[in-house]
Amino acid sequence: MGRANVALAVALNLRTFLRLQPHSTGKVGLNLPNIGIKQAWDVASLQLLDTSFLEQGDITALTPEQVEKLKEVAGCPEDCANDHKWLAVLAFLFLYLSICRKQRALPSLDVTVWSELPPGAGLGSSAAYSVCLAAAFLAACEEIPNPLKDGEPTSRWTEEDLELINKWAFQGERVIHGNPSGVDNTVSTWGGALRYQQGKISSLKRPPALKILLTNTKVPRSTKALVAGVRNRLLKFPEIVAPVLTSIEAISLECERVLAEMASAPTPGHYLVLEELIDMNQHHLNALGVGHASLDQLCQVTTAHGLHSKLTGGGGGGCGITLLRPDLQRLEVEAAKQALTGCGFDCWETSIGAPGVSVHAATSLDAPILQALDGI
């Protein structure tokens, strides 16, 4: 398919939270209130398992046989392969057993994970989940230190520790998605903005946090099917589709240049350029066939309010983002939100380019809370 295009990914300031509570009940528990999962396993039984099937020299992907063994341990029903609830359970068990098996005894603990975003919206919520789990288990097993100092409300890990968190989070993503790019877990771990090309991921100089509206059309979508559709269109009309992909890359590069300038001194002109790039990008994505009537409606509604929007994630429904310039009046933003909600969409006011995974001080009754970012 020719040379690999540049893509930009940015961290979304809607977070996934994890609380890990050690105890001595001899159980390991998982509670995911957003998706109605509450499971517990007997630590002694898990301890007796032959976990050599998790032996991985260079932390490589699980084989189908290893996944079957994991399903057995989890107590999955026969048809759980595509059920996101069970995939979340499998990722939890995989990371718990893989990271904690080096301990003399597997730890008894309860893990609760909740998110500010619905799963399956194409915004990397599974990656934020994997990042939280990896960081929590690595810290619980003292593979990485707890970076919190006395009296600090929140803290982040060193670059070296973040590398390890990200490496394990990618394995959790592999359990859930099979063959992910690694972008979502990386942007969730590090935060800010990233550039992705041909499997190479690098951080961009952090721009100011850009305010956005994030809108969920609530139209279900399949990234796999949409990617296949683009591939088919490229094979069918190479002379038409290849230049569209080249143009999208040029938009990404121009966006990267503008964000780099905004890191030192953002101006109103920068926002106008970003709005133009957003409009052009959305039209190009429609030409590739990854748009949807609901996303067109989202764009029409925000255009009527003088705002600029595009799809995010896989397209074909799912979510869109709308840039909010700093000079906008509160009433203008509220009117746009009301109009979008009136279409039956869910709407959040948030920002992009926020910091990545961090740990928060416990309240008197709670265990420390970890949080990781979703990504777009």
# chains A, B, ... in the order shown; residues from 1 in each chain; ligands from 1

call {"tool": "select_by_dssp", "arguments": {"residues": "range 172-281 of chain A", "states": "alpha helix (DSSP H)", "output": "ChimeraX atom specification"}}
result
/A:172-177,183-190,223-236,238-264,268-281

call {"tool": "residues_around", "arguments": {"residues": "Ile165 in chain A", "least_positions_apart": "2", "cutoff": "8 Å", "atoms": "only C-alpha atoms", "output": "ChimeraX atom specification"}}
result
/A:131,134-135,138,161-163,167-169,189

call {"tool": "atom_distance", "arguments": {"atom1": "CA of Pro208 in chain A", "atom2": "CA of Glu249 in chain A"}}
result
22.6 Å

call {"tool": "residues_around", "arguments": {"residues": "Glu159 in chain A", "least_positions_apart": "4", "cutoff": "12 Å", "atoms": "only C-alpha atoms", "output": "list in words"}}
result
Ile144, Pro147, Glu163, Leu164, Ile165, Asn166, Thr189, Trp190, Gly356 and Val357 of chain A

call {"tool": "atom_distance", "arguments": {"atom1": "CA of Thr223 in chain A", "atom2": "CA of Leu285 in chain A"}}
result
13.7 Å

call {"tool": "residues_around", "arguments": {"residues": "range 39-56 of chain A", "least_positions_apart": "3", "cutoff": "12 Å", "atoms": "only C-alpha atoms", "output": "VMD selection string"}}
result
chain A and resid 23 to 33 36 59 to 70 72 to 76 85 to 86 88 to 90 92 to 112 168 171

call {"tool": "closest_residue", "arguments": {"among": "A:Lys38, A:Lys218, A:His270, A:Arg174", "to": "Ala91 in chain A", "atoms": "only C-alpha atoms"}}
result
A:Arg174

call {"tool": "atom_distance", "arguments": {"atom1": "CA of Gly151 in chain A", "atom2": "CA of Gly192 in chain A"}}
result
26.1 Å

call {"tool": "closest_residue", "arguments": {"among": "A:Ile352, A:Ala225, A:Leu234, A:Leu214", "to": "Ala336 in chain A", "atoms": "only C-alpha atoms"}}
result
A:Leu214
